[in-house]
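Data block below; observations after.
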Protein chains: 2
Amino acid sequence: MTKLVVNGICEGVYIVPIEGDSIESSPVVEGEVSLEGFKGDRHAGFTLLSGSRTPFYPRGTVIRNSRQVSLVSTEELSLIARDIGLPQLQPEWLGANLLISGIPRFTQIPPGTRFFFPQGAVLLAQGENNPCRLAGDAVQSHFPDDAELSQRFIASAKHRRGLVACVEHPGIVRPGEAVRLEIPSQVLYEVG
Amino acid sequence: MTKLVVNGICEGVYIVPIEGDSIESSPVVEGEVSLEGFKGDRHAGFTLLSGSRTPFYPRGTVIRNSRQVSLVSTEELSLIARDIGLPQLQPEWLGANLLISGIPRFTQIPPGTRFFFPQGAVLLAQGENNPCRLAGDAVQSHFPDDAELSQRFIASAKHRRGLVACVEHPGIVRPGEAVRLEIPSQVLYEVG
């Protein structure tokens, strides 16, 4: 079932504090991953409350959490930054948990792909993370004089804002470690 | 993000008893779906113990359960039955929880597809269910004189044995109900 193996590097590990309103994350020297997500991270949990990403549920409905972990790519953040006229785009501004380098077209990695980390943690990709206004506004807050940066970010980050994932197996993750991706076979589904 | 909406019918609901060795399921007039799977079903749970489907973990390791629910298709079971020379193939023999009709190429439905049932239950497709020897042997046990039926089943059922899914939202599921599939956009990932 594995179609492709691709190797990358985990360039950074970040945690979103449980308390507070900001979507931003902060770098850590080591992340402890349980089956619910990163320990101490706001997005950890087997369940979450539905919001704008799942508009077919009443807001606040308890549903399965398919967004335990947020991953972004060094190369895609550079492309977005260049596109919107910034010297750089920090993974923290987007609330990312992991910054990964070396994977071509990172955001296109299909659901079901496994990320194997050297100390046991295994993540299961759940799909593309669509850029939202909260992330755009977080970026803009670092450049308060540029009133349209949020909108430019949202447009430019489409299909480049990384992935969300669940944890299949716990472990420790550290910056600088290798990560091996096993990408399943895909079929393009068409009706008729 | 939704690419396609396809409508089908839930033709049958089945439960695998928690006690016992057989992989087979039994029909019920109503299934109660929690965030862990079908209540009273052996495969329900947020976690499972790794086995032959996840050979990169030591057998018996606690991992995320991406196989809470097993779904098969009326049309694909008919194709397999014809192929291997049986008058019919019962969903129970394969340990299926749900028999769905009306969805073309059911087993190719991509991961991330949502199955919406009329009484609130929502399933999230996790991928193709690969035919294993246990299912082949269960089929053969109904035709003990046909010594090679298990192998013929495994060969014929490839890409037709249905899907595994997780529960995103709880609810009740009954035979005869409509089911609406929302299929996400897909991109074929290629390196280079």
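The chains in the structure tokens are called A, B, ... from first to last as shown; in each chain the residues are counted from 1, and the ligands are counted from 1 in the order shown.
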
Report task. Select residues of chain B: the criterion is any atom within 6 Å of an atom of chain A, counting only C-alpha atoms; output as a PyMOL selection string. Result -> chain B and resi 63-64+168-169

Export N, CA and C atoms of the chosen residues as a PDB file, in the first residue's frame?
ATOM      1  N   ILE B  63      -2.071   1.752  19.574  1.00  0.00           N
ATOM      2  CA  ILE B  63      -2.018   2.836  18.578  1.00  0.00           C
ATOM      3  C   ILE B  63      -3.430   3.388  18.370  1.00  0.00           C
ATOM      4  N   ARG B  64      -3.490   4.555  17.704  1.00  0.00           N
ATOM      5  CA  ARG B  64      -4.780   5.133  17.315  1.00  0.00           C
ATOM      6  C   ARG B  64      -5.576   4.128  16.494  1.00  0.00           C
ATOM      7  N   GLU B 168     -16.851  10.680  13.332  1.00  0.00           N
ATOM      8  CA  GLU B 168     -16.627  12.094  13.670  1.00  0.00           C
ATOM      9  C   GLU B 168     -17.719  12.629  14.586  1.00  0.00           C
ATOM     10  N   HIS B 169     -18.943  12.128  14.417  1.00  0.00           N
ATOM     11  CA  HIS B 169     -20.066  12.581  15.250  1.00  0.00           C
ATOM     12  C   HIS B 169     -20.989  11.392  15.514  1.00  0.00           C
TER      13      HIS B 169
END

Query - Close residues, Asp83 of chain B itself excluded, 9 Å, only C-alpha atoms, min 3 positions apart in chain, as a PyMOL selection string - result: chain B and resi 78-80+86+152-153+156

Query - For atom CA of Glu19 of chain B and atom CA of Gly60 of chain B, the interatomic separation in Å (one decimal) - result: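 So the answer is 18.3 Å.
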
Report task. Give me, please, the distance in Å between atom CA of Glu76 of chain A and atom CA of Ala157 of chain A, quoted to one decimal. Result ->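 Interatomic distance, atom CA of Glu76 of chain A to atom CA of Ala157 of chain A: 8.4 Å.
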
Query raised in the report: So, counting only C-alpha atoms, which residue among B:Gln119, B:Gln151, B:Thr2, B:Thr74 is closest to Gln90 of chain B?
Result: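 Looking only at the distances to Gln90 of chain B, the closest residue turns out to be B:Thr74.
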
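One finds atom CA of Arg133 of chain B at 13.3 Å from atom CA of Ala147 of chain B.
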
Residues of segment 3-187 of chain A classed as strand (DSSP E) by DSSP on the backbone are to be reported as an mmCIF file with N, CA, C and O atoms, in the first residue's frame.
data_model
loop_
_atom_site.group_PDB
_atom_site.id
_atom_site.type_symbol
_atom_site.label_atom_id
_atom_site.label_comp_id
_atom_site.auth_asym_id
_atom_site.auth_seq_id
_atom_site.Cartn_x
_atom_site.Cartn_y
_atom_site.Cartn_z
ATOM 1 N N LYS A 3 3.231 3.805 -1.402
ATOM 2 C CA LYS A 3 3.582 4.115 -2.776
ATOM 3 C C LYS A 3 4.955 4.763 -2.834
ATOM 4 O O LYS A 3 5.744 4.490 -3.726
ATOM 5 N N LEU A 4 5.212 5.635 -1.868
ATOM 6 C CA LEU A 4 6.411 6.458 -1.902
ATOM 7 C C LEU A 4 6.945 6.631 -0.494
ATOM 8 O O LEU A 4 6.169 6.743 0.453
ATOM 9 N N VAL A 5 8.276 6.675 -0.375
ATOM 10 C CA VAL A 5 8.910 7.073 0.887
ATOM 11 C C VAL A 5 9.704 8.347 0.603
ATOM 12 O O VAL A 5 10.439 8.407 -0.382
ATOM 13 N N VAL A 6 9.512 9.365 1.424
ATOM 14 C CA VAL A 6 10.205 10.642 1.253
ATOM 15 C C VAL A 6 10.793 11.026 2.607
ATOM 16 O O VAL A 6 10.133 10.878 3.636
ATOM 17 N N ASN A 7 12.029 11.501 2.597
ATOM 18 C CA ASN A 7 12.689 11.855 3.854
ATOM 19 C C ASN A 7 12.833 13.358 3.995
ATOM 20 O O ASN A 7 13.194 14.044 3.037
ATOM 21 N N GLY A 8 12.539 13.856 5.188
ATOM 22 C CA GLY A 8 12.672 15.280 5.477
ATOM 23 C C GLY A 8 13.368 15.475 6.809
ATOM 24 O O GLY A 8 13.855 14.525 7.428
ATOM 25 N N ILE A 9 13.414 16.728 7.221
ATOM 26 C CA ILE A 9 14.021 17.096 8.510
ATOM 27 C C ILE A 9 12.982 17.871 9.318
ATOM 28 O O ILE A 9 12.270 18.732 8.763
ATOM 29 N N CYS A 10 12.896 17.567 10.602
ATOM 30 C CA CYS A 10 12.077 18.341 11.520
ATOM 31 C C CYS A 10 12.914 19.530 11.980
ATOM 32 O O CYS A 10 13.845 19.361 12.758
ATOM 33 N N GLU A 11 12.586 20.713 11.458
ATOM 34 C CA GLU A 11 13.421 21.898 11.717
ATOM 35 C C GLU A 11 13.034 22.602 13.010
ATOM 36 O O GLU A 11 13.822 23.375 13.569
ATOM 37 N N GLY A 12 11.807 22.394 13.473
ATOM 38 C CA GLY A 12 11.385 23.091 14.682
ATOM 39 C C GLY A 12 10.169 22.429 15.295
ATOM 40 O O GLY A 12 9.368 21.797 14.592
ATOM 41 N N VAL A 13 10.049 22.553 16.620
ATOM 42 C CA VAL A 13 8.916 22.012 17.388
ATOM 43 C C VAL A 13 8.343 23.160 18.209
ATOM 44 O O VAL A 13 9.105 23.928 18.819
ATOM 45 N N TYR A 14 7.014 23.292 18.221
ATOM 46 C CA TYR A 14 6.346 24.452 18.824
ATOM 47 C C TYR A 14 5.078 23.986 19.534
ATOM 48 O O TYR A 14 4.442 23.020 19.119
ATOM 49 N N ILE A 15 4.712 24.721 20.570
ATOM 50 C CA ILE A 15 3.516 24.405 21.351
ATOM 51 C C ILE A 15 2.630 25.650 21.421
ATOM 52 O O ILE A 15 3.132 26.758 21.617
ATOM 53 N N SER A 26 4.937 28.589 20.432
ATOM 54 C CA SER A 26 6.266 28.982 20.915
ATOM 55 C C SER A 26 7.216 27.799 20.765
ATOM 56 O O SER A 26 6.826 26.650 21.014
ATOM 57 N N PRO A 27 8.471 28.065 20.397
ATOM 58 C CA PRO A 27 9.417 26.957 20.181
ATOM 59 C C PRO A 27 9.776 26.250 21.483
ATOM 60 O O PRO A 27 9.835 26.867 22.548
ATOM 61 N N GLY A 31 9.292 18.066 22.202
ATOM 62 C CA GLY A 31 7.842 17.940 22.318
ATOM 63 C C GLY A 31 7.481 16.521 22.697
ATOM 64 O O GLY A 31 8.026 15.567 22.127
ATOM 65 N N GLU A 32 6.572 16.382 23.656
ATOM 66 C CA GLU A 32 6.120 15.049 24.058
ATOM 67 C C GLU A 32 4.763 14.814 23.405
ATOM 68 O O GLU A 32 3.799 15.534 23.677
ATOM 69 N N VAL A 33 4.702 13.813 22.554
ATOM 70 C CA VAL A 33 3.498 13.535 21.778
ATOM 71 C C VAL A 33 2.777 12.343 22.394
ATOM 72 O O VAL A 33 3.359 11.269 22.550
ATOM 73 N N SER A 34 1.526 12.550 22.783
ATOM 74 C CA SER A 34 0.680 11.440 23.242
ATOM 75 C C SER A 34 -0.326 11.124 22.140
ATOM 76 O O SER A 34 -0.345 11.788 21.097
ATOM 77 N N GLY A 37 -2.129 14.283 21.050
ATOM 78 C CA GLY A 37 -1.442 15.410 20.431
ATOM 79 C C GLY A 37 -0.237 15.788 21.268
ATOM 80 O O GLY A 37 0.255 14.975 22.065
ATOM 81 N N PHE A 38 0.255 17.039 21.104
ATOM 82 C CA PHE A 38 1.399 17.489 21.908
ATOM 83 C C PHE A 38 0.940 17.790 23.330
ATOM 84 O O PHE A 38 -0.032 18.539 23.529
ATOM 85 N N THR A 47 -11.163 14.726 21.154
ATOM 86 C CA THR A 47 -12.294 15.461 20.588
ATOM 87 C C THR A 47 -11.977 16.957 20.567
ATOM 88 O O THR A 47 -11.038 17.425 21.219
ATOM 89 N N LEU A 48 -12.777 17.702 19.800
ATOM 90 C CA LEU A 48 -12.723 19.165 19.823
ATOM 91 C C LEU A 48 -14.145 19.681 19.660
ATOM 92 O O LEU A 48 -15.067 18.905 19.380
ATOM 93 N N LEU A 49 -14.307 20.980 19.820
ATOM 94 C CA LEU A 49 -15.612 21.606 19.601
ATOM 95 C C LEU A 49 -15.661 22.143 18.184
ATOM 96 O O LEU A 49 -14.747 22.847 17.747
ATOM 97 N N VAL A 62 -19.371 18.561 20.120
ATOM 98 C CA VAL A 62 -18.204 17.694 20.364
ATOM 99 C C VAL A 62 -18.047 16.729 19.181
ATOM 100 O O VAL A 62 -18.974 15.959 18.889
ATOM 101 N N ILE A 63 -16.923 16.792 18.504
ATOM 102 C CA ILE A 63 -16.637 15.892 17.378
ATOM 103 C C ILE A 63 -15.219 15.331 17.520
ATOM 104 O O ILE A 63 -14.417 15.825 18.328
ATOM 105 N N ARG A 64 -14.930 14.303 16.717
ATOM 106 C CA ARG A 64 -13.564 13.757 16.656
ATOM 107 C C ARG A 64 -12.584 14.858 16.280
ATOM 108 O O ARG A 64 -12.862 15.687 15.413
ATOM 109 N N VAL A 69 -2.424 18.068 15.414
ATOM 110 C CA VAL A 69 -1.092 18.604 15.138
ATOM 111 C C VAL A 69 -1.126 19.394 13.838
ATOM 112 O O VAL A 69 -1.754 18.967 12.867
ATOM 113 N N SER A 70 -0.447 20.545 13.832
ATOM 114 C CA SER A 70 -0.336 21.374 12.623
ATOM 115 C C SER A 70 1.115 21.368 12.149
ATOM 116 O O SER A 70 2.031 21.622 12.929
ATOM 117 N N LEU A 71 1.297 21.058 10.861
ATOM 118 C CA LEU A 71 2.652 20.974 10.293
ATOM 119 C C LEU A 71 2.781 21.960 9.133
ATOM 120 O O LEU A 71 1.865 22.059 8.300
ATOM 121 N N VAL A 72 3.894 22.657 9.073
ATOM 122 C CA VAL A 72 4.169 23.550 7.945
ATOM 123 C C VAL A 72 5.547 23.220 7.388
ATOM 124 O O VAL A 72 6.341 22.509 8.013
ATOM 125 N N SER A 73 5.817 23.754 6.182
ATOM 126 C CA SER A 73 7.059 23.432 5.490
ATOM 127 C C SER A 73 7.913 24.679 5.315
ATOM 128 O O SER A 73 7.413 25.749 4.945
ATOM 129 N N LEU A 98 4.988 21.827 14.078
ATOM 130 C CA LEU A 98 6.195 21.247 13.487
ATOM 131 C C LEU A 98 6.532 21.981 12.199
ATOM 132 O O LEU A 98 5.641 22.241 11.374
ATOM 133 N N LEU A 99 7.811 22.286 12.046
ATOM 134 C CA LEU A 99 8.329 22.861 10.798
ATOM 135 C C LEU A 99 9.177 21.774 10.143
ATOM 136 O O LEU A 99 10.125 21.270 10.748
ATOM 137 N N ILE A 100 8.805 21.411 8.926
ATOM 138 C CA ILE A 100 9.450 20.295 8.218
ATOM 139 C C ILE A 100 10.103 20.850 6.950
ATOM 140 O O ILE A 100 9.488 21.659 6.248
ATOM 141 N N SER A 101 11.317 20.392 6.659
ATOM 142 C CA SER A 101 11.956 20.788 5.397
ATOM 143 C C SER A 101 12.253 19.558 4.553
ATOM 144 O O SER A 101 12.293 18.428 5.070
ATOM 145 N N ARG A 114 1.934 8.499 6.691
ATOM 146 C CA ARG A 114 2.509 8.406 8.034
ATOM 147 C C ARG A 114 3.833 9.152 8.096
ATOM 148 O O ARG A 114 4.672 9.011 7.210
ATOM 149 N N PHE A 115 4.017 9.907 9.182
ATOM 150 C CA PHE A 115 5.276 10.588 9.489
ATOM 151 C C PHE A 115 5.935 9.812 10.634
ATOM 152 O O PHE A 115 5.407 9.813 11.749
ATOM 153 N N PHE A 116 7.057 9.173 10.351
ATOM 154 C CA PHE A 116 7.786 8.414 11.369
ATOM 155 C C PHE A 116 8.935 9.265 11.910
ATOM 156 O O PHE A 116 9.832 9.662 11.144
ATOM 157 N N VAL A 122 4.596 8.688 15.703
ATOM 158 C CA VAL A 122 4.104 8.515 14.335
ATOM 159 C C VAL A 122 2.835 9.355 14.187
ATOM 160 O O VAL A 122 1.890 9.216 14.968
ATOM 161 N N LEU A 123 2.853 10.230 13.187
ATOM 162 C CA LEU A 123 1.679 11.059 12.880
ATOM 163 C C LEU A 123 1.017 10.531 11.618
ATOM 164 O O LEU A 123 1.677 9.987 10.732
ATOM 165 N N LEU A 124 -0.309 10.738 11.545
ATOM 166 C CA LEU A 124 -1.106 10.292 10.410
ATOM 167 C C LEU A 124 -1.728 11.553 9.796
ATOM 168 O O LEU A 124 -2.561 12.218 10.433
ATOM 169 N N ALA A 125 -1.300 11.897 8.566
ATOM 170 C CA ALA A 125 -1.800 13.112 7.911
ATOM 171 C C ALA A 125 -3.308 13.008 7.697
ATOM 172 O O ALA A 125 -3.813 11.954 7.285
ATOM 173 N N GLN A 126 -4.028 14.092 7.975
ATOM 174 C CA GLN A 126 -5.478 14.116 7.819
ATOM 175 C C GLN A 126 -5.927 15.017 6.674
ATOM 176 O O GLN A 126 -7.087 14.982 6.285
ATOM 177 N N GLY A 127 -5.021 15.838 6.160
ATOM 178 C CA GLY A 127 -5.394 16.680 5.034
ATOM 179 C C GLY A 127 -4.833 18.081 5.154
ATOM 180 O O GLY A 127 -4.203 18.446 6.151
ATOM 181 N N GLU A 128 -5.089 18.828 4.102
ATOM 182 C CA GLU A 128 -4.600 20.198 3.979
ATOM 183 C C GLU A 128 -5.216 21.096 5.047
ATOM 184 O O GLU A 128 -6.383 20.953 5.397
ATOM 185 N N LEU A 163 -0.304 20.969 6.706
ATOM 186 C CA LEU A 163 -1.216 19.847 6.946
ATOM 187 C C LEU A 163 -1.655 19.823 8.397
ATOM 188 O O LEU A 163 -0.960 20.318 9.270
ATOM 189 N N VAL A 164 -2.782 19.165 8.627
ATOM 190 C CA VAL A 164 -3.126 18.752 9.986
ATOM 191 C C VAL A 164 -2.979 17.230 10.064
ATOM 192 O O VAL A 164 -3.107 16.525 9.060
ATOM 193 N N ALA A 165 -2.702 16.775 11.280
ATOM 194 C CA ALA A 165 -2.438 15.347 11.484
ATOM 195 C C ALA A 165 -2.941 14.913 12.849
ATOM 196 O O ALA A 165 -3.167 15.732 13.743
ATOM 197 N N CYS A 166 -3.122 13.588 12.970
ATOM 198 C CA CYS A 166 -3.407 12.940 14.250
ATOM 199 C C CYS A 166 -2.188 12.134 14.659
ATOM 200 O O CYS A 166 -1.347 11.808 13.831
ATOM 201 N N VAL A 167 -2.160 11.759 15.919
ATOM 202 C CA VAL A 167 -1.078 10.922 16.412
ATOM 203 C C VAL A 167 -1.518 9.462 16.355
ATOM 204 O O VAL A 167 -2.575 9.104 16.886
ATOM 205 N N GLU A 168 -0.721 8.627 15.692
ATOM 206 C CA GLU A 168 -0.996 7.178 15.719
ATOM 207 C C GLU A 168 -0.216 6.478 16.826
ATOM 208 O O GLU A 168 -0.700 5.517 17.410
ATOM 209 N N HIS A 169 0.990 6.977 17.109
ATOM 210 C CA HIS A 169 1.816 6.363 18.166
ATOM 211 C C HIS A 169 2.598 7.465 18.884
ATOM 212 O O HIS A 169 3.138 8.352 18.231
ATOM 213 N N GLY A 171 5.451 9.499 21.315
ATOM 214 C CA GLY A 171 6.915 9.572 21.297
ATOM 215 C C GLY A 171 7.381 10.981 21.568
ATOM 216 O O GLY A 171 6.585 11.875 21.824
ATOM 217 N N ILE A 172 8.698 11.154 21.502
ATOM 218 C CA ILE A 172 9.327 12.464 21.716
ATOM 219 C C ILE A 172 9.768 12.981 20.344
ATOM 220 O O ILE A 172 10.215 12.204 19.509
ATOM 221 N N VAL A 173 9.625 14.275 20.129
ATOM 222 C CA VAL A 173 10.066 14.878 18.872
ATOM 223 C C VAL A 173 10.984 16.055 19.203
ATOM 224 O O VAL A 173 10.653 16.867 20.074
ATOM 225 N N ALA A 178 15.544 13.619 11.810
ATOM 226 C CA ALA A 178 15.022 13.178 10.511
ATOM 227 C C ALA A 178 13.558 12.770 10.675
ATOM 228 O O ALA A 178 13.119 12.387 11.763
ATOM 229 N N VAL A 179 12.799 12.870 9.587
ATOM 230 C CA VAL A 179 11.426 12.343 9.573
ATOM 231 C C VAL A 179 11.226 11.606 8.252
ATOM 232 O O VAL A 179 11.668 12.075 7.196
ATOM 233 N N ARG A 180 10.640 10.406 8.343
ATOM 234 C CA ARG A 180 10.412 9.589 7.140
ATOM 235 C C ARG A 180 8.918 9.557 6.855
ATOM 236 O O ARG A 180 8.114 9.216 7.728
ATOM 237 N N LEU A 181 8.536 9.914 5.642
ATOM 238 C CA LEU A 181 7.125 9.904 5.254
ATOM 239 C C LEU A 181 6.854 8.665 4.407
ATOM 240 O O LEU A 181 7.570 8.405 3.432
ATOM 241 N N GLU A 182 5.815 7.912 4.777
ATOM 242 C CA GLU A 182 5.355 6.808 3.935
ATOM 243 C C GLU A 182 3.992 7.193 3.385
ATOM 244 O O GLU A 182 3.018 7.359 4.129
ATOM 245 N N ILE A 183 3.960 7.373 2.078
ATOM 246 C CA ILE A 183 2.801 7.937 1.383
ATOM 247 C C ILE A 183 2.025 6.800 0.733
ATOM 248 O O ILE A 183 2.595 6.033 -0.044
ATOM 249 N N PRO A 184 0.728 6.649 1.060
ATOM 250 C CA PRO A 184 -0.032 5.518 0.503
ATOM 251 C C PRO A 184 -0.346 5.720 -0.978
ATOM 252 O O PRO A 184 -0.301 6.838 -1.497
#

Query raised in the report: Using only C-alpha atoms, which residues sit within 8 Å of Gln88 of chain B once same-chain residues fewer than 4 positions away are excluded, as a PyMOL selection string?
Result: chain B and resi 77-78+81-82

Serialized selection, N, CA, C and O atoms, as a compact mmCIF listing (two decimals), in the first residue's frame:
# COMPACT_ATOMS: atom_id res chain seq x y z
N LEU B 77 -19.66 -6.34 -3.61
CA LEU B 77 -19.79 -7.74 -3.14
C LEU B 77 -20.36 -8.62 -4.24
O LEU B 77 -19.96 -9.79 -4.38
N SER B 78 -21.29 -8.08 -5.04
CA SER B 78 -21.84 -8.87 -6.15
C SER B 78 -20.76 -9.19 -7.18
O SER B 78 -20.71 -10.30 -7.72
N ALA B 81 -18.55 -11.91 -5.74
CA ALA B 81 -19.27 -13.20 -5.72
C ALA B 81 -19.28 -13.83 -7.11
O ALA B 81 -18.97 -15.02 -7.28
N ARG B 82 -19.61 -13.03 -8.12
CA ARG B 82 -19.65 -13.54 -9.49
C ARG B 82 -18.28 -14.05 -9.90
O ARG B 82 -18.12 -15.13 -10.48

**Report entry** Selection: 7 Å around Ser25 of chain A, only C-alpha atoms, excl. self and same-chain fewer than 6 positions, as number ranges by chain
**Finding:** A: 14-17, 92-93, 95-96

Put those residues in a file: all heavy atoms, as a PDB file, in the first residue's frame.
ATOM      1  N   TYR A  14       7.014  23.292  18.221  1.00  0.00           N
ATOM      2  CA  TYR A  14       6.346  24.452  18.824  1.00  0.00           C
ATOM      3  C   TYR A  14       5.078  23.986  19.534  1.00  0.00           C
ATOM      4  O   TYR A  14       4.442  23.020  19.119  1.00  0.00           O
ATOM      5  CB  TYR A  14       5.959  25.472  17.748  1.00  0.00           C
ATOM      6  CG  TYR A  14       7.066  25.762  16.770  1.00  0.00           C
ATOM      7  CD1 TYR A  14       7.241  24.968  15.627  1.00  0.00           C
ATOM      8  CD2 TYR A  14       7.970  26.803  16.993  1.00  0.00           C
ATOM      9  CE1 TYR A  14       8.274  25.206  14.737  1.00  0.00           C
ATOM     10  CE2 TYR A  14       9.012  27.058  16.106  1.00  0.00           C
ATOM     11  CZ  TYR A  14       9.152  26.253  14.981  1.00  0.00           C
ATOM     12  OH  TYR A  14      10.173  26.486  14.104  1.00  0.00           O
ATOM     13  N   ILE A  15       4.712  24.721  20.570  1.00  0.00           N
ATOM     14  CA  ILE A  15       3.516  24.405  21.351  1.00  0.00           C
ATOM     15  C   ILE A  15       2.630  25.650  21.421  1.00  0.00           C
ATOM     16  O   ILE A  15       3.132  26.758  21.617  1.00  0.00           O
ATOM     17  CB  ILE A  15       3.907  23.986  22.787  1.00  0.00           C
ATOM     18  CG1 ILE A  15       4.813  22.757  22.775  1.00  0.00           C
ATOM     19  CG2 ILE A  15       2.684  23.743  23.667  1.00  0.00           C
ATOM     20  CD1 ILE A  15       4.144  21.461  22.421  1.00  0.00           C
ATOM     21  N   VAL A  16       1.329  25.446  21.282  1.00  0.00           N
ATOM     22  CA  VAL A  16       0.360  26.537  21.497  1.00  0.00           C
ATOM     23  C   VAL A  16      -0.095  26.436  22.962  1.00  0.00           C
ATOM     24  O   VAL A  16      -0.669  25.415  23.358  1.00  0.00           O
ATOM     25  CB  VAL A  16      -0.871  26.403  20.577  1.00  0.00           C
ATOM     26  CG1 VAL A  16      -1.828  27.576  20.798  1.00  0.00           C
ATOM     27  CG2 VAL A  16      -0.457  26.316  19.116  1.00  0.00           C
ATOM     28  N   PRO A  17       0.160  27.481  23.780  1.00  0.00           N
ATOM     29  CA  PRO A  17      -0.229  27.391  25.194  1.00  0.00           C
ATOM     30  C   PRO A  17      -1.726  27.150  25.343  1.00  0.00           C
ATOM     31  O   PRO A  17      -2.529  27.644  24.554  1.00  0.00           O
ATOM     32  CB  PRO A  17       0.151  28.770  25.756  1.00  0.00           C
ATOM     33  CG  PRO A  17       1.098  29.360  24.773  1.00  0.00           C
ATOM     34  CD  PRO A  17       0.777  28.765  23.434  1.00  0.00           C
ATOM     35  N   GLU A  92       5.637  30.002  14.069  1.00  0.00           N
ATOM     36  CA  GLU A  92       4.900  30.337  15.297  1.00  0.00           C
ATOM     37  C   GLU A  92       3.682  31.205  15.002  1.00  0.00           C
ATOM     38  O   GLU A  92       2.648  31.087  15.672  1.00  0.00           O
ATOM     39  CB  GLU A  92       5.788  31.106  16.278  1.00  0.00           C
ATOM     40  CG  GLU A  92       7.001  30.341  16.778  1.00  0.00           C
ATOM     41  CD  GLU A  92       8.257  30.657  15.993  1.00  0.00           C
ATOM     42  OE1 GLU A  92       8.211  30.582  14.743  1.00  0.00           O
ATOM     43  OE2 GLU A  92       9.273  30.965  16.632  1.00  0.00           O
ATOM     44  N   TRP A  93       3.819  32.114  14.035  1.00  0.00           N
ATOM     45  CA  TRP A  93       2.714  33.032  13.739  1.00  0.00           C
ATOM     46  C   TRP A  93       1.467  32.270  13.285  1.00  0.00           C
ATOM     47  O   TRP A  93       0.343  32.728  13.469  1.00  0.00           O
ATOM     48  CB  TRP A  93       3.104  34.040  12.658  1.00  0.00           C
ATOM     49  CG  TRP A  93       4.280  34.906  13.028  1.00  0.00           C
ATOM     50  CD1 TRP A  93       4.828  35.063  14.271  1.00  0.00           C
ATOM     51  CD2 TRP A  93       5.060  35.706  12.140  1.00  0.00           C
ATOM     52  NE1 TRP A  93       5.892  35.922  14.208  1.00  0.00           N
ATOM     53  CE2 TRP A  93       6.069  36.341  12.914  1.00  0.00           C
ATOM     54  CE3 TRP A  93       5.012  35.967  10.763  1.00  0.00           C
ATOM     55  CZ2 TRP A  93       7.003  37.204  12.347  1.00  0.00           C
ATOM     56  CZ3 TRP A  93       5.945  36.835  10.202  1.00  0.00           C
ATOM     57  CH2 TRP A  93       6.924  37.447  10.994  1.00  0.00           C
ATOM     58  N   GLY A  95       0.724  29.243  14.348  1.00  0.00           N
ATOM     59  CA  GLY A  95       0.348  28.248  15.352  1.00  0.00           C
ATOM     60  C   GLY A  95       0.800  26.845  14.999  1.00  0.00           C
ATOM     61  O   GLY A  95       0.229  25.860  15.466  1.00  0.00           O
ATOM     62  N   ALA A  96       1.844  26.739  14.158  1.00  0.00           N
ATOM     63  CA  ALA A  96       2.328  25.405  13.766  1.00  0.00           C
ATOM     64  C   ALA A  96       2.966  24.691  14.952  1.00  0.00           C
ATOM     65  O   ALA A  96       3.518  25.334  15.858  1.00  0.00           O
ATOM     66  CB  ALA A  96       3.345  25.535  12.639  1.00  0.00           C
TER      67      ALA A  96
END

Report task. Run DSSP on the backbone and grab whatever in segment 1-174 of chain B lands in helix (DSSP H, G or I); send it over as a PyMOL selection string. Result -> chain B and resi 74-84+91-94+106-108+133-141+149-157

Could you write out that same residue set with C-alpha atoms as a compact mmCIF listing (two decimals), in the first residue's frame?
# COMPACT_ATOMS: atom_id res chain seq x y z
CA THR B 74 -23.65 -4.12 -2.41
CA GLU B 75 -22.35 -3.72 -5.95
CA GLU B 76 -18.75 -4.66 -5.15
CA LEU B 77 -19.79 -7.74 -3.14
CA SER B 78 -21.84 -8.87 -6.15
CA LEU B 79 -18.83 -8.43 -8.43
CA ILE B 80 -16.61 -10.47 -6.10
CA ALA B 81 -19.27 -13.20 -5.72
CA ARG B 82 -19.65 -13.54 -9.49
CA ASP B 83 -15.89 -13.58 -9.89
CA ILE B 84 -15.30 -16.40 -7.43
CA PRO B 91 -21.48 -8.63 4.41
CA GLU B 92 -21.53 -10.51 7.73
CA TRP B 93 -18.92 -12.99 6.50
CA LEU B 94 -16.45 -10.10 6.11
CA PHE B 106 -17.08 2.42 -3.47
CA THR B 107 -13.65 1.18 -2.36
CA GLN B 108 -11.96 4.06 -4.21
CA ARG B 133 -6.75 -14.23 5.04
CA LEU B 134 -9.12 -14.04 8.02
CA ALA B 135 -11.87 -12.71 5.76
CA GLY B 136 -11.03 -15.27 3.06
CA ASP B 137 -11.17 -18.09 5.59
CA ALA B 138 -14.51 -16.82 6.94
CA VAL B 139 -15.97 -16.91 3.41
CA GLN B 140 -14.55 -20.37 2.82
CA SER B 141 -16.03 -21.69 6.09
CA LEU B 149 -12.13 -20.20 -2.09
CA SER B 150 -10.18 -18.21 0.51
CA GLN B 151 -7.37 -17.47 -1.94
CA ARG B 152 -9.79 -16.65 -4.76
CA PHE B 153 -11.63 -14.26 -2.44
CA ILE B 154 -8.43 -12.45 -1.42
CA ALA B 155 -7.41 -11.99 -5.08
CA SER B 156 -10.84 -10.91 -6.27
CA ALA B 157 -11.60 -8.62 -3.31
